[in-house]
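Everything below belongs to target_21.txt, which stores compact mmCIF, C-alpha atoms.
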# COMPACT_ATOMS: atom_id res chain seq x y z
CA MET A 4 -35.62 5.04 -62.91
CA LEU A 5 -31.86 4.76 -63.37
CA LYS A 6 -31.36 7.98 -61.43
CA SER A 7 -33.50 6.61 -58.57
CA CYS A 8 -31.44 3.38 -58.43
CA GLY A 9 -28.22 5.41 -58.46
CA ARG A 10 -29.35 7.52 -55.53
CA LYS A 11 -30.31 4.40 -53.54
CA LEU A 12 -26.91 2.81 -54.27
CA LEU A 13 -25.08 5.98 -53.19
CA LEU A 14 -27.09 6.16 -49.94
CA PHE A 15 -26.38 2.47 -49.28
CA LEU A 16 -22.60 2.98 -49.72
CA VAL A 17 -22.59 6.06 -47.45
CA GLY A 18 -24.49 4.11 -44.78
CA CYS A 19 -21.98 1.24 -44.95
CA MET A 20 -19.03 3.61 -44.59
CA PHE A 21 -20.62 5.33 -41.57
CA THR A 22 -21.31 1.97 -39.88
CA CYS A 23 -17.70 0.83 -40.39
CA LEU A 24 -16.45 4.12 -38.95
CA LEU A 25 -18.58 3.66 -35.79
CA VAL A 26 -17.29 0.07 -35.33
CA LEU A 27 -13.66 1.21 -35.64
CA MET A 28 -14.17 4.02 -33.12
CA ALA A 29 -15.78 1.67 -30.59
CA ASP A 30 -12.96 -0.87 -30.98
CA GLN A 31 -10.30 1.82 -30.47
CA GLN A 32 -12.04 3.07 -27.31
CA LYS A 33 -12.19 -0.51 -25.92
CA ARG A 34 -8.46 -0.97 -26.54
CA GLN A 35 -7.65 2.26 -24.69
CA VAL A 36 -9.67 1.16 -21.67
CA GLY A 37 -7.99 -2.27 -21.68
CA ALA A 38 -4.59 -0.63 -21.61
CA LEU A 39 -5.19 1.09 -18.28
CA GLY A 40 -2.59 -1.00 -16.44
CA GLY A 41 0.05 -0.38 -19.13
CA GLU A 42 1.76 2.62 -20.65
CA GLY A 43 -1.51 4.18 -21.76
CA GLY A 44 -2.88 3.91 -18.21
CA ARG A 45 0.23 5.53 -16.79
CA ARG A 46 -0.04 8.46 -19.19
CA ALA A 47 -3.71 8.88 -18.30
CA LEU A 48 -2.99 8.90 -14.59
CA GLN A 49 -0.03 11.23 -15.07
CA SER A 50 -2.40 13.75 -16.54
CA LEU A 51 -4.13 13.86 -13.17
CA ALA A 52 -1.06 15.54 -11.72
CA SER A 53 -1.15 18.38 -14.26
CA PRO A 54 -3.72 21.07 -13.42
CA GLY A 55 -5.66 22.34 -16.40
CA GLU A 56 -5.23 19.19 -18.47
CA PRO A 57 -8.17 16.84 -19.25
CA GLN A 58 -8.70 14.22 -16.55
CA PRO A 59 -9.79 10.60 -17.16
CA GLN A 60 -13.25 9.62 -16.00
CA GLY A 61 -12.11 6.62 -13.91
CA GLY A 62 -13.37 5.34 -10.58
CA GLU A 63 -16.97 5.23 -9.46
CA PRO A 64 -19.74 6.37 -11.80
CA GLY A 65 -20.71 9.97 -11.28
CA VAL A 66 -17.65 10.81 -9.13
CA ALA A 67 -15.21 13.31 -10.57
CA PRO A 68 -11.51 12.33 -10.37
CA ARG A 69 -9.63 13.84 -7.42
CA GLU A 70 -6.51 15.93 -7.84
CA VAL A 71 -3.29 14.00 -7.10
CA LYS A 72 -1.84 15.66 -4.02
CA SER A 73 1.42 13.73 -3.57
CA PHE A 74 3.88 11.33 -5.15
CA THR A 75 2.56 8.53 -2.92
CA ASP A 76 -1.05 9.30 -3.81
CA TYR A 77 -0.20 9.17 -7.51
CA PHE A 78 1.36 5.71 -7.31
CA SER A 79 -1.40 4.39 -5.03
CA ARG A 80 -4.05 5.44 -7.52
CA LEU A 81 -1.99 4.06 -10.39
CA SER A 82 -1.77 0.67 -8.66
CA ARG A 83 -5.52 0.61 -7.99
CA GLY A 84 -6.21 1.40 -11.63
CA ARG A 85 -3.89 -1.43 -12.68
CA ARG A 86 -5.58 -3.90 -10.33
CA GLU A 87 -9.07 -2.96 -11.51
CA ALA A 88 -8.01 -3.31 -15.15
CA GLN A 89 -6.47 -6.73 -14.52
CA GLY A 90 -9.52 -8.06 -12.69
CA ALA A 91 -9.56 -10.52 -9.80
CA GLY A 92 -6.89 -12.87 -11.13
CA SER A 93 -3.32 -12.52 -9.87
CA PRO A 94 -0.76 -14.48 -11.89
CA ALA A 95 1.46 -16.86 -9.98
CA PRO A 96 5.06 -15.70 -9.48
CA ARG A 97 7.47 -16.99 -12.08
CA ARG A 98 9.70 -19.80 -10.83
CA GLU A 99 13.47 -19.92 -10.71
CA GLY A 100 14.79 -23.36 -9.78
CA THR A 101 18.50 -22.73 -10.26
CA PRO A 102 20.72 -19.62 -10.36
CA ARG A 103 20.95 -17.88 -13.74
CA PRO A 104 24.21 -17.25 -15.56
CA ALA A 105 26.02 -14.26 -14.04
CA LEU A 106 24.95 -10.84 -15.37
CA GLU A 107 26.82 -8.81 -12.76
CA ASP A 108 30.18 -9.35 -11.12
CA ILE A 109 29.13 -8.96 -7.48
CA THR A 110 30.80 -10.09 -4.26
CA ALA A 111 29.47 -10.87 -0.80
CA GLN A 112 30.29 -7.27 0.19
CA ASP A 113 27.56 -6.08 -2.18
CA VAL A 114 24.93 -7.89 -0.09
CA PHE A 115 23.26 -6.63 3.10
CA ILE A 116 21.92 -9.60 5.12
CA ALA A 117 19.50 -8.60 7.88
CA VAL A 118 18.85 -11.20 10.60
CA LYS A 119 15.72 -10.49 12.63
CA THR A 120 15.76 -11.79 16.20
CA THR A 121 14.66 -11.01 19.75
CA LYS A 122 16.71 -10.83 22.94
CA LYS A 123 15.32 -14.05 24.42
CA PHE A 124 16.75 -15.99 21.43
CA HIS A 125 20.26 -14.53 21.56
CA LYS A 126 21.66 -17.67 23.18
CA ALA A 127 19.18 -20.27 21.96
CA ARG A 128 19.39 -19.32 18.27
CA LEU A 129 21.94 -16.61 17.50
CA GLU A 130 24.94 -18.39 19.02
CA LEU A 131 24.34 -21.25 16.59
CA LEU A 132 24.36 -18.85 13.62
CA LEU A 133 27.46 -17.06 14.92
CA ASP A 134 29.25 -20.41 15.20
CA THR A 135 28.24 -21.46 11.68
CA TRP A 136 27.41 -19.31 8.65
CA ILE A 137 27.79 -15.85 10.23
CA SER A 138 31.36 -16.77 11.29
CA ARG A 139 32.34 -16.51 7.60
CA SER A 140 30.12 -13.53 6.74
CA ARG A 141 30.40 -11.06 9.64
CA ASP A 142 30.95 -7.98 7.47
CA LEU A 143 27.73 -8.42 5.51
CA THR A 144 25.46 -9.70 8.30
CA PHE A 145 23.52 -7.26 10.49
CA ILE A 146 21.56 -8.48 13.51
CA PHE A 147 18.35 -6.58 14.34
CA THR A 148 17.11 -7.20 17.86
CA ASP A 149 15.08 -5.53 20.60
CA GLY A 150 17.45 -5.40 23.57
CA GLU A 151 21.02 -4.58 24.57
CA ASP A 152 23.46 -7.51 24.91
CA GLU A 153 27.11 -6.77 25.61
CA GLU A 154 28.11 -10.42 25.19
CA LEU A 155 26.59 -10.46 21.72
CA LYS A 156 28.45 -7.29 20.74
CA LYS A 157 31.73 -8.97 21.70
CA ARG A 158 31.10 -11.62 19.07
CA THR A 159 29.97 -9.35 16.25
CA ALA A 160 30.01 -5.60 15.74
CA ASN A 161 26.92 -5.38 13.54
CA VAL A 162 24.22 -5.51 16.22
CA ILE A 163 21.39 -2.99 15.90
CA ASN A 164 19.01 -2.47 18.80
CA THR A 165 15.80 -1.40 17.07
CA ASN A 166 14.14 -0.39 20.37
CA CYS A 167 11.04 -2.16 19.05
CA SER A 168 8.78 -4.26 21.26
CA ALA A 169 9.88 -7.84 21.98
CA ALA A 170 6.33 -9.05 21.31
CA HIS A 171 5.68 -11.23 18.25
CA SER A 172 2.97 -8.87 17.02
CA ARG A 173 2.56 -7.40 13.57
CA GLN A 174 3.41 -3.95 14.95
CA ALA A 175 6.67 -5.17 16.54
CA LEU A 176 7.67 -7.14 13.45
CA SER A 177 6.94 -4.18 11.17
CA CYS A 178 8.92 -1.91 13.49
CA LYS A 179 12.03 -4.08 13.03
CA MET A 180 11.54 -4.35 9.28
CA ALA A 181 11.32 -0.56 9.06
CA VAL A 182 14.73 -0.25 10.74
CA GLU A 183 16.18 -2.98 8.50
CA TYR A 184 15.03 -1.12 5.39
CA ASP A 185 16.46 2.23 6.51
CA LYS A 186 19.82 0.69 7.49
CA PHE A 187 20.08 -1.02 4.10
CA ILE A 188 19.41 2.23 2.24
CA GLU A 189 22.11 3.92 4.34
CA SER A 190 24.60 1.14 3.54
CA GLY A 191 24.69 1.84 -0.19
CA ARG A 192 24.89 -1.90 -0.94
CA LYS A 193 23.32 -3.50 -4.01
CA TRP A 194 21.11 -6.18 -2.45
CA PHE A 195 18.91 -6.36 0.66
CA CYS A 196 18.28 -9.87 1.99
CA HIS A 197 16.13 -10.55 5.04
CA VAL A 198 16.28 -13.80 7.05
CA ASP A 199 15.11 -14.98 10.46
CA ASP A 200 17.19 -16.31 13.35
CA ASP A 201 16.28 -19.91 12.45
CA ASN A 202 17.77 -19.71 8.94
CA TYR A 203 21.10 -21.03 7.69
CA VAL A 204 22.35 -18.89 4.78
CA ASN A 205 24.65 -20.37 2.17
CA VAL A 206 26.29 -17.09 1.21
CA ARG A 207 28.21 -18.51 -1.75
CA THR A 208 25.00 -19.75 -3.38
CA LEU A 209 23.19 -16.54 -2.46
CA VAL A 210 25.81 -14.40 -4.23
CA LYS A 211 25.69 -16.72 -7.25
CA LEU A 212 21.88 -16.39 -7.40
CA LEU A 213 21.88 -12.60 -7.13
CA SER A 214 24.61 -12.21 -9.73
CA GLY A 215 22.07 -13.42 -12.31
CA TYR A 216 19.98 -10.27 -11.90
CA PRO A 217 20.84 -6.58 -12.40
CA HIS A 218 20.61 -4.80 -9.04
CA THR A 219 19.41 -1.61 -10.72
CA GLN A 220 16.22 -3.29 -11.98
CA ASP A 221 13.09 -4.35 -10.07
CA ILE A 222 13.92 -7.72 -8.49
CA TYR A 223 11.98 -9.33 -5.60
CA ILE A 224 12.94 -12.97 -5.06
CA GLY A 225 11.94 -15.52 -2.43
CA LYS A 226 9.37 -18.24 -1.75
CA PRO A 227 5.67 -17.85 -0.86
CA SER A 228 4.32 -19.83 2.07
CA LEU A 229 0.84 -19.89 0.51
CA ASP A 230 -0.36 -21.60 -2.66
CA ARG A 231 -2.46 -18.59 -3.67
CA PRO A 232 -2.28 -14.80 -3.40
CA ILE A 233 -3.13 -13.42 0.03
CA GLN A 234 -6.43 -11.54 0.28
CA ALA A 235 -6.40 -8.31 2.26
CA THR A 236 -8.28 -5.04 2.67
CA GLU A 237 -6.60 -1.75 1.86
CA ARG A 238 -7.77 1.28 3.85
CA ILE A 239 -8.13 4.14 1.36
CA SER A 240 -9.75 6.66 3.69
CA GLU A 241 -11.48 6.92 7.06
CA ASN A 242 -14.55 5.00 5.91
CA LYS A 243 -13.53 3.52 2.57
CA MET A 244 -11.88 0.10 2.12
CA HIS A 245 -10.63 -1.65 -1.01
CA PRO A 246 -9.94 -5.40 -1.46
CA VAL A 247 -6.42 -6.30 -2.62
CA HIS A 248 -4.65 -9.56 -3.43
CA PHE A 249 -0.95 -10.17 -3.95
CA TRP A 250 1.87 -12.69 -3.56
CA PHE A 251 4.52 -12.26 -0.89
CA ALA A 252 7.73 -14.09 -0.01
CA THR A 253 7.63 -15.46 3.53
CA GLY A 254 10.21 -13.95 5.86
CA GLY A 255 10.67 -17.39 7.41
CA ALA A 256 12.48 -18.58 4.27
CA GLY A 257 14.20 -15.26 3.56
CA PHE A 258 13.89 -12.98 0.55
CA CYS A 259 16.01 -10.50 -1.40
CA ILE A 260 15.25 -7.12 -2.98
CA SER A 261 17.42 -5.23 -5.46
CA ARG A 262 18.54 -1.71 -4.62
CA GLY A 263 16.73 -0.36 -7.68
CA LEU A 264 13.43 -1.71 -6.37
CA ALA A 265 14.15 -0.78 -2.74
CA LEU A 266 14.58 2.87 -3.73
CA LYS A 267 11.17 2.85 -5.44
CA MET A 268 9.65 1.53 -2.20
CA SER A 269 10.82 4.60 -0.28
CA PRO A 270 7.50 6.55 -0.16
CA TRP A 271 5.87 3.59 1.63
CA ALA A 272 8.84 2.16 3.56
CA SER A 273 11.35 4.80 4.64
CA GLY A 274 11.48 7.00 7.71
CA GLY A 275 8.64 5.31 9.57
CA HIS A 276 6.29 5.04 6.59
CA PHE A 277 6.63 1.24 6.64
CA MET A 278 4.66 0.95 9.87
CA SER A 279 1.85 3.19 8.62
CA THR A 280 1.72 1.14 5.41
CA ALA A 281 1.50 -2.06 7.46
CA GLU A 282 -1.39 -0.60 9.44
CA LYS A 283 -3.13 0.32 6.20
CA ILE A 284 -3.54 -3.39 5.39
CA ARG A 285 -3.19 -4.70 8.99
CA LEU A 286 -0.75 -7.46 8.05
CA PRO A 287 2.77 -8.42 9.30
CA ASP A 288 6.10 -7.24 7.92
CA ASP A 289 6.71 -9.78 5.13
CA CYS A 290 3.14 -9.36 3.85
CA THR A 291 3.61 -5.58 3.85
CA ILE A 292 6.77 -5.95 1.75
CA GLY A 293 4.75 -7.97 -0.78
CA TYR A 294 1.93 -5.42 -0.72
CA ILE A 295 4.26 -2.51 -1.50
CA ILE A 296 6.12 -4.38 -4.25
CA GLU A 297 3.29 -6.30 -5.94
CA SER A 298 0.13 -4.35 -5.22
CA VAL A 299 1.44 -0.77 -5.17
CA LEU A 300 4.43 -0.87 -7.52
CA GLY A 301 3.18 -3.71 -9.75
CA VAL A 302 6.42 -5.73 -9.60
CA LYS A 303 5.95 -9.51 -9.56
CA LEU A 304 7.62 -11.85 -7.08
CA ILE A 305 10.20 -14.23 -8.56
CA ARG A 306 9.68 -17.55 -6.81
CA SER A 307 12.85 -19.48 -5.97
CA ASN A 308 12.77 -23.00 -4.58
CA LEU A 309 16.27 -22.42 -3.16
CA PHE A 310 14.78 -20.66 -0.10
CA HIS A 311 13.36 -22.81 2.72
CA SER A 312 11.41 -22.20 5.94
CA HIS A 313 10.28 -24.38 8.83
CA LEU A 314 6.76 -24.21 7.35
CA GLU A 315 7.71 -26.84 4.75
CA ASN A 316 8.82 -30.44 5.12
CA LEU A 317 12.61 -30.06 5.19
CA HIS A 318 13.10 -33.82 5.04
CA GLN A 319 12.31 -33.50 1.33
CA VAL A 320 15.48 -31.53 0.62
CA PRO A 321 17.95 -34.18 -0.72
CA LYS A 322 21.33 -34.31 0.97
CA THR A 323 22.95 -34.21 -2.47
CA GLU A 324 21.26 -30.83 -3.13
CA ILE A 325 22.12 -29.09 0.15
CA HIS A 326 25.08 -27.19 -1.30
CA LYS A 327 22.79 -25.68 -3.97
CA GLN A 328 20.27 -24.16 -1.52
CA VAL A 329 20.28 -20.49 -0.49
CA THR A 330 18.56 -20.79 2.90
CA LEU A 331 17.63 -23.69 5.17
CA SER A 332 15.71 -23.80 8.43
CA TYR A 333 14.54 -25.98 11.30
CA GLY A 334 11.63 -26.19 13.73
CA MET A 335 8.43 -28.20 13.99
CA PHE A 336 6.27 -29.45 11.12
CA GLU A 337 3.02 -31.37 11.73
CA ASN A 338 4.05 -31.79 15.40
CA LYS A 339 7.33 -33.46 14.47
CA ARG A 340 10.91 -32.23 14.54
CA ASN A 341 11.57 -30.63 11.17
CA SER A 342 15.14 -30.32 9.90
CA ILE A 343 17.35 -31.45 7.05
CA HIS A 344 17.59 -35.25 7.08
CA MET A 345 21.24 -36.16 6.75
CA LYS A 346 24.10 -38.08 8.30
CA GLY A 347 26.82 -35.77 9.43
CA ALA A 348 29.56 -34.85 11.83
CA PHE A 349 27.09 -34.72 14.73
CA SER A 350 24.16 -36.81 15.86
CA ALA A 351 20.60 -35.46 15.81
CA ASP A 352 20.71 -35.12 19.60
CA GLU A 353 23.96 -33.14 19.47
CA ASP A 354 22.81 -31.08 16.51
CA PRO A 355 18.97 -30.98 16.38
CA SER A 356 18.91 -28.12 13.86
CA ARG A 357 21.48 -29.96 11.67
CA PHE A 358 23.12 -26.56 11.05
CA ARG A 359 26.48 -27.68 12.45
CA SER A 360 26.49 -30.78 10.24
CA ILE A 361 25.45 -28.69 7.23
CA HIS A 362 28.23 -26.20 7.96
CA CYS A 363 30.83 -28.96 8.17
CA LEU A 364 29.56 -30.39 4.89
CA LEU A 365 29.95 -27.00 3.17
CA TYR A 366 33.09 -25.88 5.03
CA PRO A 367 35.01 -28.98 6.18
CA ASP A 368 38.04 -26.80 7.04
CA THR A 369 36.14 -25.28 10.00
CA PRO A 370 38.33 -25.89 13.09
CA TRP A 371 35.62 -27.54 15.19
CA CYS A 372 34.43 -29.90 12.40
CA PRO A 373 35.57 -33.53 12.94
CA PRO A 374 37.89 -34.73 10.15
CA ASN A 375 37.20 -37.63 7.78
CA VAL A 376 33.44 -37.61 8.18
CA VAL A 377 31.32 -39.52 5.66
CA TYR A 378 28.12 -37.65 4.70
Rewrite the structure from the file as structure tokens, please.
Amino acid sequence: MLKSCGRKLLLFLVGCMFTCLLVLMADQQKRQVGALGGEGGRRALQSLASPGEPQPQGGEPGVAPREVKSFTDYFSRLSRGRREAQGAGSPAPRREGTPRPALEDITAQDVFIAVKTTKKFHKARLELLLDTWISRSRDLTFIFTDGEDEELKKRTANVINTNCSAAHSRQALSCKMAVEYDKFIESGRKWFCHVDDDNYVNVRTLVKLLSGYPHTQDIYIGKPSLDRPIQATERISENKMHPVHFWFATGGAGFCISRGLALKMSPWASGGHFMSTAEKIRLPDDCTIGYIIESVLGVKLIRSNLFHSHLENLHQVPKTEIHKQVTLSYGMFENKRNSIHMKGAFSADEDPSRFRSIHCLLYPDTPWCPPNVVY
């Protein structure tokens, strides 16, 4: 009887140990699957590029993994694996309200500012910028347009005719952005900043902001125009589509990208690839930038409230905070004139954009600014 009880006890203990072992193995497997978007996922996807090595059983049930045929294909599949592991939620970009303490000793000459415009706005918009902020930043400002203008070239040497269409279509906009990107890479500068021809750029504050980030790391900074990630469809093949969602910084407020991150964008942005990438998701230039950075490369947008577009109520920017802003704008908002609300050297009729008054506030030594003005 004692022997029988002993055998039952031994069998019970062995059964318990086997059950615990199964639970531990299942938990470990679950953790490995959950780590797909992290280092473990990267190692698993890297193994796809090595013939003869075991391949992960990802993707659709019953479909064998395809061989990675190119560098671009590898990163595209990596990004899709990350998105699927993360699920439908896309975290909001982290906010930066004020410039950080300086990490790098950079100057304005380290920054490449691209101004996108079109020939019909050379007089209506560009002359205002050339009279104001560009007048103090000619060496770092490059104007990207769609037509020759000898008068414009007399005022500034950095005029690039992109030979893109003058239409305000996604194809024309992406064409100009593609040229901007390539010219920045050629320049060797540390920071790429894109603005529109209705932006005022406070270069001193811009340099101060960028000095708080290392240009060799992955930095994408600007302001979204939406309160949620944009939803889009990514064309994977001739008859296969994939939903994607990501944040992007609106080009209307301006945005900046570090050189370290810009170089990683090269397979999807350089040498004409930008336009094919834009067609893949059928969205304009600033959305395509966000797609490459957030959806493909997995780098999150840093949201800065120091960038402003005409799509927001500019009356809400306090006059006492103007000198702290990186970009300002003007235009129409809810069918009303939209500009910075301030007293200044010029009346609203003389200076509807308020850019001349803002410039005199920031640079009162400008020759054409009236002296002894109370702001």
Rounded to one decimal place, report the CA of Asn202 (chain A)-CA of Ala181 (chain A) distance in Å.
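Between these atoms lies a distance of 20.2 Å.
Interatomic distance, CA of Val204 (chain A) to CA of Glu151 (chain A): 24.5 Å.
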Residue nearest Thr110 (chain A) among A:Asp289, A:Tyr203, A:His362, A:Leu143 (counting all atoms listed in the file):
A:Leu143
Which of A:Ile109, A:Phe195, A:Gln220, A:Ile146 sits closest to Thr159 (chain A) [using all atoms listed in the file]
A:Ile146
Can you pull out the residues contacting region 138-142 of chain A? Cut-off 9 Å, using only C-alpha atoms, and skip same-chain residues under 3 positions away; I want them as a PyMOL selection string.
chain A and resi 111-112+115+132-135+145+159-161+206
Applying 6 Å and all atoms listed in the file, which residues near Pro232 (chain A) remain after dropping the ones on its own chain fewer than 4 positions away? List them as a list in words.
His248, Phe249 and Trp250 of chain A
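Going from CA of Met268 (chain A) over to CA of Ile292 (chain A), you cover 8.9 Å.
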Env of Leu317 (chain A): 10 Å cut, atoms = only C-alpha atoms, seq-sep filter 6 positions within chain, self excluded. Answer as a list in words.
His311, Leu331, Ser332, Tyr333, Gly334, Met335, Phe336, Arg340, Asn341, Ser342, Ile343 and His344 of chain A
All residues 12 Å or closer to Met278 (chain A), all atoms listed in the file, same chain fewer than 5 positions away omitted, as a ChimeraX atom specification
/A:167,173-182,184,270-273,283-289,291-292,295
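Closest approach to Arg359 (chain A) among A:Leu131, A:Val302, A:Val320, A:Val162: A:Leu131, based on only C-alpha atoms.
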Just checking: using only C-alpha atoms, which residue out of A:Val299, A:Ile239, A:Leu129, A:Ala117 ends up closest to Ile260 (chain A)?
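Smallest separation from Ile260 (chain A) among the options: A:Ala117.
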Please define a box with edges along x, y and z of the file around all atoms of region 178-192 of chain A given in the file, extend it by 6 Å on each side, and return its centre and edge lengths in Å to one decimal, as JSON.
{"center_x": 16.9, "center_y": -0.2, "center_z": 6.3, "size_x": 28.0, "size_y": 20.3, "size_z": 26.4}
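The residue that comes closest to Glu189 (chain A), out of A:Ile296, A:Ala105, A:Leu266, A:Ile361 and on the basis of all atoms listed in the file, is A:Leu266.
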Measuring between only C-alpha atoms, which one of A:Ser240, A:Ser172, A:Asn164, A:Thr219 shows the shortest distance to Lys186 (chain A)?
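Checking each candidate against Lys186 (chain A), we get A:Asn164 as the closest.
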Would you kindly return, as a ChimeraX atom specification, each protein, DNA or RNA residue with an atom no farther than 7 Å from any atom of region 244-247 of chain A, considering only C-alpha atoms and excluding same-chain residues fewer than 6 positions away?
/A:234-238
Create the file for the chosen residues now, containing C-alpha atoms and written as a short mmCIF file (atom, residue, chain, number, x, y, z; two decimals), in the frame of the given file.
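Printed below is selection.cif as written:
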data_model
loop_
_atom_site.label_atom_id
_atom_site.label_comp_id
_atom_site.auth_asym_id
_atom_site.auth_seq_id
_atom_site.Cartn_x
_atom_site.Cartn_y
_atom_site.Cartn_z
CA GLN A 234 -6.43 -11.54 0.28
CA ALA A 235 -6.40 -8.31 2.26
CA THR A 236 -8.28 -5.04 2.67
CA GLU A 237 -6.60 -1.75 1.86
CA ARG A 238 -7.77 1.28 3.85
#
